[in-house]
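**Q** Provided herewith is a single structure, encoded as structure tokens, for subsequent inquiry.
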Amino acid sequence: MQHNSQGSSRSSHSSRPKKAAKEPRRGASDGRAAFFDKFISYFQNHQRLFFSTLRRLLAEPVQTLMTSLVVAIALGLPAALYVGVVNLQQLGSRVETTAQMTVFLKKEASQQAIDQFRKNLASDQDFATVEYISRQQALEEFRVLSSFGDVLEMLDENPLPAVFIVQPVVRFQQDLSASEKLVDKLKKMTLVDDVQLDMKWMQRLQAMLVVGERLAFSLGLALALGVLLIVGNTIRLAIENRRDEIVVVKLVGGTNAYVRRPFLYTGVWYGLIGGVLAWALVVLGLQWISGPISHLAELYQSFFQLQGLGFSGLAALIGIGAALGFVGAWLAVARHLSKIEPK
Amino acid sequence: MIQFDNVSKRYSTGQEALNGLSLELGAAEMAFLIGHSGAGKSTLLKLVMLMERPTHGQLLVNGKNLNRLHKSQIPYYRRNIGVVFQNHQLLFDRSVFDNVALPLLVSGYQPRELGRRVRAALDKVGLLDKEKLNPIALSGGEQQRLGIARAVVHKPRILLADEPTGNLDPELSAETMDLFRQFCAVGVTVLIATHDVDLISQMGVRRLQLQEGKLVQDGVPEYAA
């Protein structure tokens, strides 16, 4: 640590004629640091501490890296969970635009009636797209996708109804009650057996995302407490290691603030470095799973793209890390520094 | 400059270190504090440094009642005092220069003024050519002088020393005492705790003898006493 200066003079001794005479141009101030000088040196002190505390940390890279990594993991876990939630939300909003209704037709409906119904639906302004799946198609699809094909063979009759998959126009998509009215309208039609609104699972997803968000937040809170303890403990050890220096500084008139300052800076550095490392961990993790994810998206014929943390995420991690480092160091300093007094 | 008025100090262990002590030391005066170990010499110095507070009585330094000095004021008060320790209390993680600069750094000096003063103090004790060394490379006598340089670099009005010649040979001890006299000559109040009675008997300087926390003798001894 490079010590510099701080504080304002409370010195009551303003002049000592004997010495002042020996110091031309310092006259009445008796060479004690002038107020303006102290003001300047206060900021120089901060500026110097900013770098000297970092140098001190880098002089012990292993110890610094270990503490910072623990901080990084504690910050990175909730950040990763948060990124997951954000991505699911994004996925959700994408699915929302494809919210569709499945219209099951009565089995006894004739082909002619179905064709007429199809025309009616296609000309209805409420629907953007209409897709028809006949009973035969449904059976084929079921046979391919499930392993119950053999069971179906044993049935005399195709148990599956014909289905229309309709996509409402945009104005229904964000509005659940309007969609439900549309469902009711469809249900009243003679051919229609039942209608399923595929937005139900959307609501479930949204509810789960809210839970996920809360989970990320509470995990974040718990781990933030962890960061405080880690930094606090590391600073406590640093204080122990520098006991001699603290005693001497207090003996020559260093204020508590002066003694405290380098440790606070050290805490902030741990948080800063931990924040950057946390960001790097999350980015690396995303990189690692982005391949499988895009493959998965391809299988679903989706253009889904994984959202990263971005620079605002980096800024947030650094800011939160630095703040936690500062508070952690403050707690340690408040607890342990006052116990060290010259004896 | 320093005035003890019926001061007692009892430690929490029950030990009565000072017992109704009264004495006065004027500005630019020099005095030796003598007595057996446990007589209260160190306690007296600690009270002046505000490392301890009196249990009873009043202690005035430079007209200020130390009992009324708030804890937060202690650092600023200490900037007017220089202390020399028997064990030097040097920091071995930095150079000779940086050790001496410490009192100036904590009170906010600019680098230029700071360098000038540090070198002046080192010059005074004859260590100017060793400013870049680590104090560990210095001999015992040099370390002691380094401690003195640090104690006077901020031009304190009061200089305290606790057994400053404890580990030194007679010749170095005499040199050290001579340094203290020089500081006294330029207006610093000097109070030195020592058990080296032989050394100081020839100096013609006021002696304050403590015994069991009481002042039992005060005055300038006659030569060859």
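Ligands are numbered from 1 in the order shown, chains are lettered A, B, ... in the order of the structure tokens, and residues start at 1 in each chain.
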Pick out each residue of segment 80-142 of chain B that DSSP on the backbone tags as strand (DSSP E); I need them as a PyMOL selection string.

**A** chain B and resi 81-84

**Q** Can you write just those residues out, N, CA and C atoms, as a short mmCIF file (atom, residue, chain, number, x, y, z; two decimals), in the first residue's frame?

**A**
```
data_model
loop_
_atom_site.label_atom_id
_atom_site.label_comp_id
_atom_site.auth_asym_id
_atom_site.auth_seq_id
_atom_site.Cartn_x
_atom_site.Cartn_y
_atom_site.Cartn_z
N ILE B 81 2.88 15.27 18.05
CA ILE B 81 3.80 14.55 18.92
C ILE B 81 4.63 13.58 18.08
N GLY B 82 5.91 13.49 18.42
CA GLY B 82 6.75 12.48 17.80
C GLY B 82 7.12 11.45 18.85
N VAL B 83 7.15 10.19 18.46
CA VAL B 83 7.49 9.14 19.43
C VAL B 83 8.60 8.26 18.89
N VAL B 84 9.57 7.96 19.78
CA VAL B 84 10.63 7.02 19.43
C VAL B 84 10.47 5.80 20.33
#
```

**Q** With 7 Å as the limit and counting only C-alpha atoms, what residues in chain B lie close to chain A? Please list them as a list of chain:residue names.

**A** B:Met51, B:Pro75, B:Tyr76, B:Arg78, B:Arg79, B:Gln89, B:Leu91, B:Leu102, B:Pro103, B:Leu105, B:Val106, B:Ser107, B:Gly108, B:Tyr109, B:Gln110

**Q** With N, CA and C atoms retained, export the selected residues as an mmCIF file, in the first residue's frame.

**A**
```
data_model
loop_
_atom_site.group_PDB
_atom_site.id
_atom_site.type_symbol
_atom_site.label_atom_id
_atom_site.label_comp_id
_atom_site.auth_asym_id
_atom_site.auth_seq_id
_atom_site.Cartn_x
_atom_site.Cartn_y
_atom_site.Cartn_z
ATOM 1 N N MET B 51 -2.665 6.856 24.240
ATOM 2 C CA MET B 51 -2.863 5.434 24.032
ATOM 3 C C MET B 51 -3.630 4.876 25.221
ATOM 4 N N PRO B 75 -6.274 11.330 16.366
ATOM 5 C CA PRO B 75 -5.264 11.350 15.299
ATOM 6 C C PRO B 75 -4.662 12.736 15.090
ATOM 7 N N TYR B 76 -5.530 13.756 15.116
ATOM 8 C CA TYR B 76 -5.027 15.120 14.875
ATOM 9 C C TYR B 76 -4.145 15.588 16.018
ATOM 10 N N ARG B 78 -2.269 13.595 17.825
ATOM 11 C CA ARG B 78 -0.994 12.859 17.746
ATOM 12 C C ARG B 78 -0.050 13.448 16.710
ATOM 13 N N ARG B 79 -0.601 14.191 15.757
ATOM 14 C CA ARG B 79 0.267 14.769 14.730
ATOM 15 C C ARG B 79 1.182 15.845 15.295
ATOM 16 N N GLN B 89 9.559 0.136 15.885
ATOM 17 C CA GLN B 89 8.271 0.113 15.160
ATOM 18 C C GLN B 89 8.438 0.545 13.705
ATOM 19 N N LEU B 91 8.551 -0.284 9.553
ATOM 20 C CA LEU B 91 7.827 -1.163 8.636
ATOM 21 C C LEU B 91 8.810 -1.688 7.600
ATOM 22 N N LEU B 102 5.817 8.427 6.322
ATOM 23 C CA LEU B 102 4.498 8.020 6.822
ATOM 24 C C LEU B 102 3.738 9.115 7.593
ATOM 25 N N PRO B 103 4.385 9.771 8.576
ATOM 26 C CA PRO B 103 3.642 10.808 9.318
ATOM 27 C C PRO B 103 3.184 11.955 8.423
ATOM 28 N N LEU B 105 2.478 11.619 5.131
ATOM 29 C CA LEU B 105 1.434 11.088 4.256
ATOM 30 C C LEU B 105 0.075 11.113 4.943
ATOM 31 N N VAL B 106 0.055 10.675 6.208
ATOM 32 C CA VAL B 106 -1.245 10.611 6.872
ATOM 33 C C VAL B 106 -1.835 11.989 7.110
ATOM 34 N N SER B 107 -0.983 13.024 7.148
ATOM 35 C CA SER B 107 -1.573 14.345 7.359
ATOM 36 C C SER B 107 -1.634 15.159 6.078
ATOM 37 N N GLY B 108 -1.365 14.531 4.942
ATOM 38 C CA GLY B 108 -1.712 15.168 3.676
ATOM 39 C C GLY B 108 -0.714 16.150 3.112
ATOM 40 N N TYR B 109 0.526 15.736 2.977
ATOM 41 C CA TYR B 109 1.517 16.611 2.355
ATOM 42 C C TYR B 109 1.643 16.310 0.870
ATOM 43 N N GLN B 110 1.969 17.343 0.116
ATOM 44 C CA GLN B 110 2.220 17.174 -1.303
ATOM 45 C C GLN B 110 3.607 16.557 -1.500
#
```

**Q** Would you pick out the contacts of Met203 of chain B at 10 Å or less, using only C-alpha atoms, so that residues sharing its chain but fewer than 2 positions from it are not included, and give the list as a ChimeraX atom specification?

**A** /B:174,177-178,181,198-201,205-206,220-223

**Q** Please provide the set of residues having any atom within 12 Å of Leu57 of chain A, restricted to only C-alpha atoms, with same-chain residues fewer than 3 positions apart removed, written as a ChimeraX atom specification.

**A** /A:1,49-54,60-68,234-235,238,262-263,265-270,273

**Q** Go through A:Ala315, A:Val86, A:Leu191, A:Val227 one by one, measure the shortest atom-to-atom distance of each to Gln116 of chain A using only C-alpha atoms, and give the residue with the smallest value.

**A**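 Ranked by minimum distance to Gln116 of chain A, first place goes to A:Leu191.
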
**Q** So that I can see what lies close to Thr43 of chain B, please list as number ranges by chain the residues with an atom at most 12 Å from it, counting only C-alpha atoms and leaving out residues fewer than 5 positions away in the same chain.

**A** A: 343; B: 7-11, 15-19, 21, 33, 37-38, 48-55, 162, 193, 210, 212-214

**Q** Print the selection's residues with C-alpha atoms to a file, as a JSON list (two decimals), in the first residue's frame.

**A**
```
[["chain", "number", "residue", "atom", "x", "y", "z"],
["A", 343, "LYS", "CA", -0.41, -0.68, 22.96],
["B", 7, "VAL", "CA", -3.12, 11.79, 37.70],
["B", 8, "SER", "CA", -3.78, 8.18, 38.57],
["B", 9, "LYS", "CA", -3.97, 5.27, 36.22],
["B", 10, "ARG", "CA", -5.32, 1.90, 37.19],
["B", 11, "TYR", "CA", -5.45, -0.79, 34.53],
["B", 15, "GLN", "CA", -2.49, -2.75, 38.51],
["B", 16, "GLU", "CA", -1.96, 0.76, 39.84],
["B", 17, "ALA", "CA", 0.52, 2.22, 37.34],
["B", 18, "LEU", "CA", 0.35, 5.87, 38.34],
["B", 19, "ASN", "CA", -0.77, 7.14, 41.70],
["B", 21, "LEU", "CA", 1.15, 12.06, 39.92],
["B", 33, "LEU", "CA", 12.01, 9.87, 33.15],
["B", 37, "SER", "CA", 10.58, -1.13, 35.31],
["B", 38, "GLY", "CA", 7.00, -1.05, 36.51],
["B", 48, "VAL", "CA", 0.59, 11.74, 26.80],
["B", 49, "MET", "CA", 0.17, 9.82, 23.54],
["B", 50, "LEU", "CA", -3.47, 9.14, 24.41],
["B", 51, "MET", "CA", -2.86, 5.43, 24.03],
["B", 52, "GLU", "CA", -4.37, 5.26, 27.50],
["B", 53, "ARG", "CA", -6.68, 7.56, 29.43],
["B", 54, "PRO", "CA", -6.16, 8.57, 33.06],
["B", 55, "THR", "CA", -8.43, 6.97, 35.66],
["B", 162, "ASP", "CA", 10.72, 5.14, 25.42],
["B", 193, "ALA", "CA", 12.10, 7.37, 29.55],
["B", 210, "LEU", "CA", 9.20, 7.54, 39.41],
["B", 212, "GLU", "CA", 5.47, 2.85, 42.27],
["B", 213, "GLY", "CA", 3.56, 5.37, 40.24],
["B", 214, "LYS", "CA", 4.69, 8.37, 42.26]]
```

**Q** Residues of segment 118-203 of chain B in alpha helix (DSSP H) according to DSSP, as a ChimeraX atom specification?

**A** /B:118-124,140-152,170-185,197-201

**Q** Write the residues of the selection above to a file with C-alpha atoms, as a tab-separated table (two decimals), in the first residue's frame.

**A**
```tsv
chain	number	residue	atom	x	y	z
B	118	VAL	CA	11.91	13.56	4.58
B	119	ARG	CA	15.38	14.23	3.22
B	120	ALA	CA	15.94	16.97	5.77
B	121	ALA	CA	15.04	14.55	8.57
B	122	LEU	CA	17.21	11.78	7.14
B	123	ASP	CA	20.08	14.24	6.75
B	124	LYS	CA	19.70	15.24	10.37
B	140	GLY	CA	20.60	-1.42	15.16
B	141	GLY	CA	21.91	2.11	15.66
B	142	GLU	CA	20.80	3.13	12.19
B	143	GLN	CA	17.34	1.71	12.76
B	144	GLN	CA	17.10	3.71	15.97
B	145	ARG	CA	18.10	6.88	14.10
B	146	LEU	CA	15.56	6.06	11.41
B	147	GLY	CA	12.94	5.86	14.15
B	148	ILE	CA	14.03	9.27	15.36
B	149	ALA	CA	13.88	10.72	11.86
B	150	ARG	CA	10.31	9.48	11.55
B	151	ALA	CA	9.45	10.95	14.95
B	152	VAL	CA	10.65	14.44	14.02
B	170	PRO	CA	27.47	3.53	24.99
B	171	GLU	CA	28.93	5.51	22.12
B	172	LEU	CA	25.80	5.26	19.97
B	173	SER	CA	23.70	6.00	23.03
B	174	ALA	CA	25.61	9.22	23.64
B	175	GLU	CA	25.12	10.22	19.99
B	176	THR	CA	21.42	9.54	20.24
B	177	MET	CA	21.10	11.65	23.39
B	178	ASP	CA	22.98	14.41	21.65
B	179	LEU	CA	20.42	14.33	18.84
B	180	PHE	CA	17.60	14.76	21.34
B	181	ARG	CA	19.37	17.76	22.84
B	182	GLN	CA	19.59	19.34	19.44
B	183	PHE	CA	15.86	18.99	18.94
B	184	CYS	CA	15.30	20.52	22.36
B	185	ALA	CA	17.54	23.41	21.38
B	197	VAL	CA	21.30	6.41	34.61
B	198	ASP	CA	25.06	6.36	33.99
B	199	LEU	CA	24.64	7.88	30.57
B	200	ILE	CA	22.45	10.78	31.63
B	201	SER	CA	24.14	11.58	34.92
```

**Q** Which residue, A:Leu229, A:Lys187, A:Gly308, A:Ala216, has the smallest gap to Ile289 of chain A when you use only C-alpha atoms?

**A**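 Once distances to Ile289 of chain A are computed over only C-alpha atoms, the minimum belongs to A:Gly308.
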
**Q** For Arg135 of chain A, work out the shell of residues within 9 Å, counting only C-alpha atoms and skipping chain neighbours fewer than 6 positions away, then give it as a list in words.

**A** Lys107, Asn158, Pro159, Leu160, Pro161, Ala162 and Val163 of chain A

**Q** Please dump the current selection as a CSV table (one decimal), in the first residue's frame; keep C-alpha atoms.

**A**
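Saved file selection07.csv follows:
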```
chain,number,residue,atom,x,y,z
A,107,LYS,CA,-67.0,-37.9,-36.3
A,158,ASN,CA,-60.7,-45.0,-36.8
A,159,PRO,CA,-61.2,-43.3,-33.4
A,160,LEU,CA,-59.7,-40.0,-34.4
A,161,PRO,CA,-61.8,-37.0,-35.4
A,162,ALA,CA,-61.0,-34.7,-38.3
A,163,VAL,CA,-59.3,-31.5,-37.1
```

**Q** What's the 6 Å shell around Phe127 of chain A, counting only C-alpha atoms, without same-chain residues fewer than 6 positions away, as a short mmCIF file (atom, residue, chain, number, x, y, z; two decimals) with N, CA and C atoms, in the first residue's frame?

**A**
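Output (part21.cif):
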```
data_model
loop_
_atom_site.label_atom_id
_atom_site.label_comp_id
_atom_site.auth_asym_id
_atom_site.auth_seq_id
_atom_site.Cartn_x
_atom_site.Cartn_y
_atom_site.Cartn_z
N GLN A 167 -55.48 -20.45 -37.08
CA GLN A 167 -54.63 -19.42 -36.47
C GLN A 167 -55.41 -18.12 -36.48
N PRO A 168 -55.77 -17.60 -35.32
CA PRO A 168 -56.51 -16.33 -35.31
C PRO A 168 -55.65 -15.20 -35.81
N VAL A 169 -56.28 -14.12 -36.25
CA VAL A 169 -55.49 -12.96 -36.68
C VAL A 169 -54.88 -12.28 -35.46
#
```

**Q** Atom CA of Ala137 of chain B and atom CA of Asn99 of chain B are how many Å apart?

**A** 13.5 Å

**Q** Which residue gives the smallest distance to Ser42 of chain B among B:Asn80, B:Ser139, B:Thr194, B:Asn87, with only C-alpha atoms counted?

**A**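 Under the stated criterion, the closest residue is B:Thr194.
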